[in-house]
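See below for the structure under consideration.
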Amino acid sequence: MSDLPPASPFRLLRRTLLAWFRKNKRQLPFRESPDAWRVWVSEVMLQQTRMEAVLPRYGAFVARFPDPGALADASEDEVLAAWAGLGYYGRARALHRAARQLAAEDRDIPGKAESLRGLPGIGEYTAAAIASIAFGEPVAAVDGNVRRVLSRLFMVGGVRGRAPFEGRVRDLAGRLMEADGARDPGDWNQALMELGATVCTPAVPRCGPCPVREFCWSRVAGRQTEFPERPARPRAVSVRLAVAVVRDREGRILVFRRGESPMRGLYELPCGEYRSDESADTALVREAASRYGIRLQPARALSGFRHTVMNRRIAVVPFEADLVDPAPSGIGPAGRFVHPRELDRIPSGSMLRKALQRVGSTSRAAGKPSERLLVSAPGDP
């Protein structure tokens, strides 16, 4: 990176971008009433999750839990159920623990970034975002959008995530925050984020309508897409998964609660991974016995689908299946039958809902004798 410009262009850049933001910012529900709780929830939800996925769930979540006290009073199951579909459930658990910590200590949400960082799940960025937007503390909030914008504006070299690059970006963010008297810190942080989210996007930056293109060193050099340098992505892993939809005579669905992290506490359909040299239903019978302690008889293969969890590309084959010789205590303490209309009230992932959608109107009548099928998964993901 070349020498930084003097403070005066920083002030002009700030004023130009702030004016653009106030005229063009998106109307988002957490901007309507930027109190600390709503900002906190929105920032946690938006970690590693697209805005389009967050918006339909944000309003329902803050309506159900309008303040930290309401969340602290809820059970983990209630919290995870309200979070269903957003993924990365550790975020919801951390938010729950933080709310309970505030309740136990009988205190409000702290107004300073340093104090916020003492709560579970709140790192440097989230603390700065809450403190600046809700409380007006002049502290720079550096997320992925801000890293990208600043690295392009000032041609910051180095690999994103590594110490030299991160140090230079944080220094720039701090100097820009302090320029022009550190006015309107919440708006300034949001302006940088908004620019990165809507104009200075990862693959194809829209330099034409960019309000600060005249300040952008990489645009002048014609090297916009070179910044920031990205670390190598982890190799995608292909997985085959067989899933069982088991119903009792009342039409309820058999689900099991997971005990291992990171999906701890979520309910899932009986399932099991299998190799390319074995059939899906054979593996499902084996995994059901070893993993859940139940005997299954796959009856009919449903339409397969693909599902992605981080770098895992999963080819899913759902089956309608029967529980063989079920005993009253045969499904263990982790298993239960749940009516489909109750699924919104228990914590469950999106793969469960995808599998149930495959049942649709073609479901077998309860109790009808089943015919065992041998099938393989659709091609590799």
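In the structure tokens, the first chain shown is A, the next is B, and so on; residue numbers restart at 1 for each chain, and ligands run from 1 in the order shown.
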Legend entry - Test item: residues at most 6 Å from Glu229 (chain A), only C-alpha atoms, excluding those fewer than 2 positions along its chain, as a VMD selection string: chain A and resid 159 to 160 227
Can you tell me which residues surround region 60-72 of chain A at a distance of at most 10 Å, considering only C-alpha atoms, apart from same-chain residues fewer than 6 positions away, and format the answer as a PDB file with C-alpha atoms, in the first residue's frame?
ATOM      1  CA  PHE A  30     -33.587  -2.606  12.176  1.00  0.00           C
ATOM      2  CA  ALA A  36     -29.358  -1.479  21.033  1.00  0.00           C
ATOM      3  CA  TRP A  37     -31.327  -4.738  21.161  1.00  0.00           C
ATOM      4  CA  ARG A  38     -32.602  -4.539  17.604  1.00  0.00           C
ATOM      5  CA  VAL A  41     -30.051  -9.058  16.965  1.00  0.00           C
ATOM      6  CA  SER A  42     -29.651  -7.861  13.382  1.00  0.00           C
ATOM      7  CA  GLU A  78     -37.773 -21.835  21.997  1.00  0.00           C
ATOM      8  CA  VAL A  79     -34.768 -19.777  20.916  1.00  0.00           C
ATOM      9  CA  ALA A  81     -37.031 -22.793  16.985  1.00  0.00           C
ATOM     10  CA  ALA A  82     -37.293 -19.034  16.397  1.00  0.00           C
ATOM     11  CA  TRP A  83     -33.847 -19.145  14.768  1.00  0.00           C
ATOM     12  CA  LEU A  95     -27.123 -14.570  22.108  1.00  0.00           C
ATOM     13  CA  HIS A  96     -29.240 -16.545  24.581  1.00  0.00           C
ATOM     14  CA  ARG A  97     -26.320 -16.897  27.012  1.00  0.00           C
ATOM     15  CA  ALA A  98     -25.552 -13.183  26.741  1.00  0.00           C
ATOM     16  CA  ALA A  99     -29.162 -12.244  27.492  1.00  0.00           C
ATOM     17  CA  ARG A 100     -29.149 -14.542  30.514  1.00  0.00           C
ATOM     18  CA  GLN A 101     -25.863 -13.035  31.701  1.00  0.00           C
ATOM     19  CA  LEU A 102     -27.355  -9.530  31.559  1.00  0.00           C
ATOM     20  CA  ALA A 103     -30.434 -10.766  33.434  1.00  0.00           C
ATOM     21  CA  ALA A 104     -28.344 -12.496  36.097  1.00  0.00           C
ATOM     22  CA  ASP A 106     -29.413  -7.151  36.485  1.00  0.00           C
ATOM     23  CA  ASP A 108     -28.847  -3.171  30.630  1.00  0.00           C
ATOM     24  CA  ILE A 109     -27.006  -3.619  27.353  1.00  0.00           C
TER      25      ILE A 109
END
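Ranking A:Val246, A:Leu46, A:Ala141, A:Ala236 by their shortest atom-to-atom distance to Met193 (chain A), with only C-alpha atoms included, puts A:Ala141 first.
Taking CA of Ala173 (chain A) and CA of Val142 (chain A) as the two end points, the separation is 7.3 Å.
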Inset, instruction - Please provide as a list in words all residues within 10 Å of region 351-358 of chain A, with the sequence filter that same-chain residues fewer than 6 positions apart are discarded (counting only C-alpha atoms). - result: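 Those residues are Gly85, Val243, Ala244, Val245, Ile253, Val255, Tyr267, Glu268, Leu269, Pro270, Ala301, Leu302, Ser303, Gly304, Phe305, Arg306, His307, Thr308, Val309, Val316, Val317, Pro318, Phe319, Glu320, Pro340 and Leu343 of chain A.
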Could those residues be written to a file, using N, CA, C and O atoms, as a tab-separated table (two decimals), in the first residue's frame?
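Saved result, part_28.tsv, follows:
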chain	number	residue	atom	x	y	z
A	85	GLY	N	-33.77	-22.04	10.27
A	85	GLY	CA	-33.62	-21.60	8.90
A	85	GLY	C	-32.45	-20.66	8.68
A	85	GLY	O	-32.02	-20.46	7.55
A	243	VAL	N	-32.15	-40.35	4.24
A	243	VAL	CA	-33.00	-39.77	5.27
A	243	VAL	C	-34.33	-40.51	5.31
A	243	VAL	O	-34.88	-40.86	4.25
A	244	ALA	N	-34.85	-40.75	6.49
A	244	ALA	CA	-36.10	-41.50	6.64
A	244	ALA	C	-37.23	-40.61	7.15
A	244	ALA	O	-37.05	-39.89	8.15
A	245	VAL	N	-38.37	-40.65	6.48
A	245	VAL	CA	-39.59	-40.02	6.97
A	245	VAL	C	-40.47	-41.15	7.51
A	245	VAL	O	-41.02	-41.95	6.75
A	253	ILE	N	-44.52	-37.30	12.76
A	253	ILE	CA	-43.22	-37.58	12.17
A	253	ILE	C	-42.22	-37.93	13.27
A	253	ILE	O	-42.16	-37.24	14.30
A	255	VAL	N	-38.72	-37.80	14.87
A	255	VAL	CA	-37.53	-36.96	14.85
A	255	VAL	C	-36.66	-37.28	16.05
A	255	VAL	O	-37.14	-37.80	17.06
A	267	TYR	N	-33.60	-30.86	16.08
A	267	TYR	CA	-34.24	-32.13	15.75
A	267	TYR	C	-34.00	-32.44	14.28
A	267	TYR	O	-34.02	-31.55	13.43
A	268	GLU	N	-33.78	-33.71	14.00
A	268	GLU	CA	-33.54	-34.16	12.63
A	268	GLU	C	-34.31	-35.45	12.38
A	268	GLU	O	-34.73	-36.16	13.31
A	269	LEU	N	-34.51	-35.76	11.11
A	269	LEU	CA	-35.05	-37.05	10.72
A	269	LEU	C	-33.95	-38.10	10.85
A	269	LEU	O	-32.78	-37.78	10.74
A	270	PRO	N	-34.31	-39.37	11.09
A	270	PRO	CA	-33.28	-40.41	11.09
A	270	PRO	C	-32.52	-40.38	9.77
A	270	PRO	O	-33.12	-40.32	8.69
A	301	ALA	N	-38.67	-44.66	-2.09
A	301	ALA	CA	-37.76	-43.54	-2.27
A	301	ALA	C	-38.52	-42.34	-2.78
A	301	ALA	O	-39.38	-42.45	-3.66
A	302	LEU	N	-38.20	-41.17	-2.21
A	302	LEU	CA	-38.80	-39.91	-2.63
A	302	LEU	C	-37.81	-39.15	-3.52
A	302	LEU	O	-36.69	-39.59	-3.74
A	303	SER	N	-38.25	-38.04	-4.02
A	303	SER	CA	-37.39	-37.24	-4.90
A	303	SER	C	-36.18	-36.72	-4.13
A	303	SER	O	-36.31	-36.10	-3.08
A	304	GLY	N	-34.99	-36.97	-4.67
A	304	GLY	CA	-33.77	-36.51	-4.03
A	304	GLY	C	-33.56	-35.02	-4.19
A	304	GLY	O	-34.16	-34.37	-5.05
A	305	PHE	N	-32.70	-34.47	-3.37
A	305	PHE	CA	-32.39	-33.04	-3.46
A	305	PHE	C	-30.98	-32.80	-2.96
A	305	PHE	O	-30.34	-33.69	-2.40
A	306	ARG	N	-30.49	-31.59	-3.17
A	306	ARG	CA	-29.15	-31.23	-2.73
A	306	ARG	C	-29.22	-30.21	-1.61
A	306	ARG	O	-30.12	-29.37	-1.58
A	307	HIS	N	-28.27	-30.32	-0.71
A	307	HIS	CA	-28.25	-29.46	0.46
A	307	HIS	C	-26.79	-29.11	0.75
A	307	HIS	O	-25.90	-29.94	0.58
A	308	THR	N	-26.54	-27.87	1.16
A	308	THR	CA	-25.17	-27.41	1.40
A	308	THR	C	-25.03	-26.93	2.83
A	308	THR	O	-25.86	-26.15	3.32
A	309	VAL	N	-24.01	-27.41	3.51
A	309	VAL	CA	-23.66	-26.94	4.84
A	309	VAL	C	-22.17	-26.62	4.82
A	309	VAL	O	-21.33	-27.51	4.72
A	316	VAL	N	-29.00	-35.75	-1.03
A	316	VAL	CA	-29.92	-36.35	-0.06
A	316	VAL	C	-30.94	-37.23	-0.78
A	316	VAL	O	-31.58	-36.80	-1.74
A	317	VAL	N	-31.11	-38.47	-0.29
A	317	VAL	CA	-32.17	-39.36	-0.77
A	317	VAL	C	-33.13	-39.61	0.38
A	317	VAL	O	-32.78	-40.28	1.34
A	318	PRO	N	-34.34	-39.03	0.34
A	318	PRO	CA	-35.31	-39.29	1.40
A	318	PRO	C	-36.13	-40.55	1.09
A	318	PRO	O	-36.41	-40.86	-0.07
A	319	PHE	N	-36.49	-41.26	2.13
A	319	PHE	CA	-37.35	-42.43	2.02
A	319	PHE	C	-38.55	-42.27	2.95
A	319	PHE	O	-38.43	-41.73	4.05
A	320	GLU	N	-39.69	-42.76	2.52
A	320	GLU	CA	-40.72	-43.10	3.49
A	320	GLU	C	-40.32	-44.45	4.05
A	320	GLU	O	-39.88	-45.35	3.31
A	340	PRO	N	-46.78	-32.59	12.04
A	340	PRO	CA	-46.18	-31.61	11.12
A	340	PRO	C	-46.46	-30.16	11.49
A	340	PRO	O	-45.61	-29.28	11.31
A	343	LEU	N	-43.92	-28.48	13.88
A	343	LEU	CA	-42.51	-28.36	13.53
A	343	LEU	C	-41.97	-26.94	13.69
A	343	LEU	O	-40.79	-26.74	13.96
Inset, instruction - Find the spatial neighbours of Thr49 (chain A), counting only C-alpha atoms, within a cut-off of 10 Å - ignore same-chain residues fewer than 5 positions away - and output them as a PyMOL selection string. - result: chain A and resi 44+54+86-88
Those selected residues, please, written with all heavy atoms and delivered as a PDB file, in the first residue's frame.
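Final output, saved to selection.pdb:
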ATOM      1  N   VAL A  44     -26.082 -10.041  14.743  1.00  0.00           N
ATOM      2  CA  VAL A  44     -25.820 -11.467  14.961  1.00  0.00           C
ATOM      3  C   VAL A  44     -26.443 -12.292  13.845  1.00  0.00           C
ATOM      4  O   VAL A  44     -25.825 -13.220  13.311  1.00  0.00           O
ATOM      5  CB  VAL A  44     -26.340 -11.905  16.342  1.00  0.00           C
ATOM      6  CG1 VAL A  44     -26.224 -13.419  16.504  1.00  0.00           C
ATOM      7  CG2 VAL A  44     -25.578 -11.202  17.453  1.00  0.00           C
ATOM      8  N   VAL A  54     -32.290 -13.198   6.198  1.00  0.00           N
ATOM      9  CA  VAL A  54     -32.521 -12.625   7.532  1.00  0.00           C
ATOM     10  C   VAL A  54     -33.841 -11.876   7.612  1.00  0.00           C
ATOM     11  O   VAL A  54     -34.589 -11.995   8.600  1.00  0.00           O
ATOM     12  CB  VAL A  54     -31.354 -11.702   7.922  1.00  0.00           C
ATOM     13  CG1 VAL A  54     -31.699 -10.854   9.153  1.00  0.00           C
ATOM     14  CG2 VAL A  54     -30.094 -12.520   8.172  1.00  0.00           C
ATOM     15  N   LEU A  86     -31.931 -20.075   9.758  1.00  0.00           N
ATOM     16  CA  LEU A  86     -30.815 -19.137   9.620  1.00  0.00           C
ATOM     17  C   LEU A  86     -29.458 -19.829   9.701  1.00  0.00           C
ATOM     18  O   LEU A  86     -28.447 -19.254   9.301  1.00  0.00           O
ATOM     19  CB  LEU A  86     -30.894 -18.053  10.706  1.00  0.00           C
ATOM     20  CG  LEU A  86     -32.010 -17.022  10.531  1.00  0.00           C
ATOM     21  CD1 LEU A  86     -32.101 -16.129  11.751  1.00  0.00           C
ATOM     22  CD2 LEU A  86     -31.775 -16.178   9.285  1.00  0.00           C
ATOM     23  N   GLY A  87     -29.423 -21.045  10.224  1.00  0.00           N
ATOM     24  CA  GLY A  87     -28.169 -21.768  10.308  1.00  0.00           C
ATOM     25  C   GLY A  87     -27.218 -21.190  11.344  1.00  0.00           C
ATOM     26  O   GLY A  87     -27.539 -20.235  12.049  1.00  0.00           O
ATOM     27  N   TYR A  88     -26.042 -21.815  11.459  1.00  0.00           N
ATOM     28  CA  TYR A  88     -25.023 -21.380  12.419  1.00  0.00           C
ATOM     29  C   TYR A  88     -25.669 -21.137  13.788  1.00  0.00           C
ATOM     30  O   TYR A  88     -25.627 -20.039  14.349  1.00  0.00           O
ATOM     31  CB  TYR A  88     -24.321 -20.125  11.931  1.00  0.00           C
ATOM     32  CG  TYR A  88     -23.621 -20.303  10.602  1.00  0.00           C
ATOM     33  CD1 TYR A  88     -24.237 -19.920   9.415  1.00  0.00           C
ATOM     34  CD2 TYR A  88     -22.350 -20.870  10.535  1.00  0.00           C
ATOM     35  CE1 TYR A  88     -23.602 -20.095   8.187  1.00  0.00           C
ATOM     36  CE2 TYR A  88     -21.708 -21.046   9.318  1.00  0.00           C
ATOM     37  CZ  TYR A  88     -22.338 -20.657   8.147  1.00  0.00           C
ATOM     38  OH  TYR A  88     -21.711 -20.825   6.934  1.00  0.00           O
TER      39      TYR A  88
END
Inset, instruction - Mind checking which residues fall within 9 Å of Leu17 (chain A), counting only C-alpha atoms, ignoring those fewer than 5 positions away in the same chain, and posting them as a PyMOL selection string? - result: chain A and resi 12+22+188+191-192+195+211-212
Legend entry - Given only C-alpha atoms as the counted atoms, nearest of A:Arg264, A:Arg240, A:Arg91, A:Arg152 to Arg219 (chain A): A:Arg152
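The interatomic distance for the pair CA of Ala131 (chain A) and CA of Leu116 (chain A) works out to 8.0 Å.
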Inset, instruction - Name all residues at most 9 Å from Asn311 (chain A) (count only C-alpha atoms; drop same-chain ones fewer than 4 positions away) and give them as number ranges by chain. - result: A: 233-238
Inset, instruction - Quick one: pick out all strand (DSSP E) residues within region 19-267 of chain A from a backbone DSSP run and write them as a list in words. - result: Val237, Ser238, Val239, Arg240, Leu241, Ala242, Val243, Ala244, Val245, Val246, Ile253, Leu254, Val255, Phe256, Arg257 and Tyr267 of chain A
Legend entry - helix (DSSP H, G or I) residues, from DSSP on the backbone, in region 66-220 of chain A, as a PyMOL selection string: chain A and resi 68-73+76-83+90-105+113-116+124-135+144-153+163-182+185-198+213-215+217-220
Legend entry - Contacts of region 203-208 of chain A within 10 Å, only C-alpha atoms, excl. fewer than 6 positions in-chain, as a list of chain:residue names: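 Here the answer would be A:Val149, A:Arg152, A:Leu195, A:Gly196, A:Glu214, A:Cys216, A:Arg219, A:Gln224, A:Thr225, A:Glu226.
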Inset, instruction - Check the smallest atom-to-atom distance from each of A:Asp171, A:Thr201, A:Leu254, A:Glu124 to Gly332 (chain A) using only C-alpha atoms, then report the winner. - result: A:Leu254
Inset, instruction - Quick one: pull the distance between CA of Glu342 (chain A) and CA of Pro56 (chain A), Å, one decimal. - result: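 Computed distance, CA of Glu342 (chain A) to CA of Pro56 (chain A), equals 19.5 Å.
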Inset, instruction - Measuring atom to atom with only C-alpha atoms, identify which of A:Asp187, A:Val338, A:Glu105, A:Ala315 is nearest to Lys25 (chain A). - result: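 Among the listed residues, the smallest separation from Lys25 (chain A) belongs to A:Asp187.
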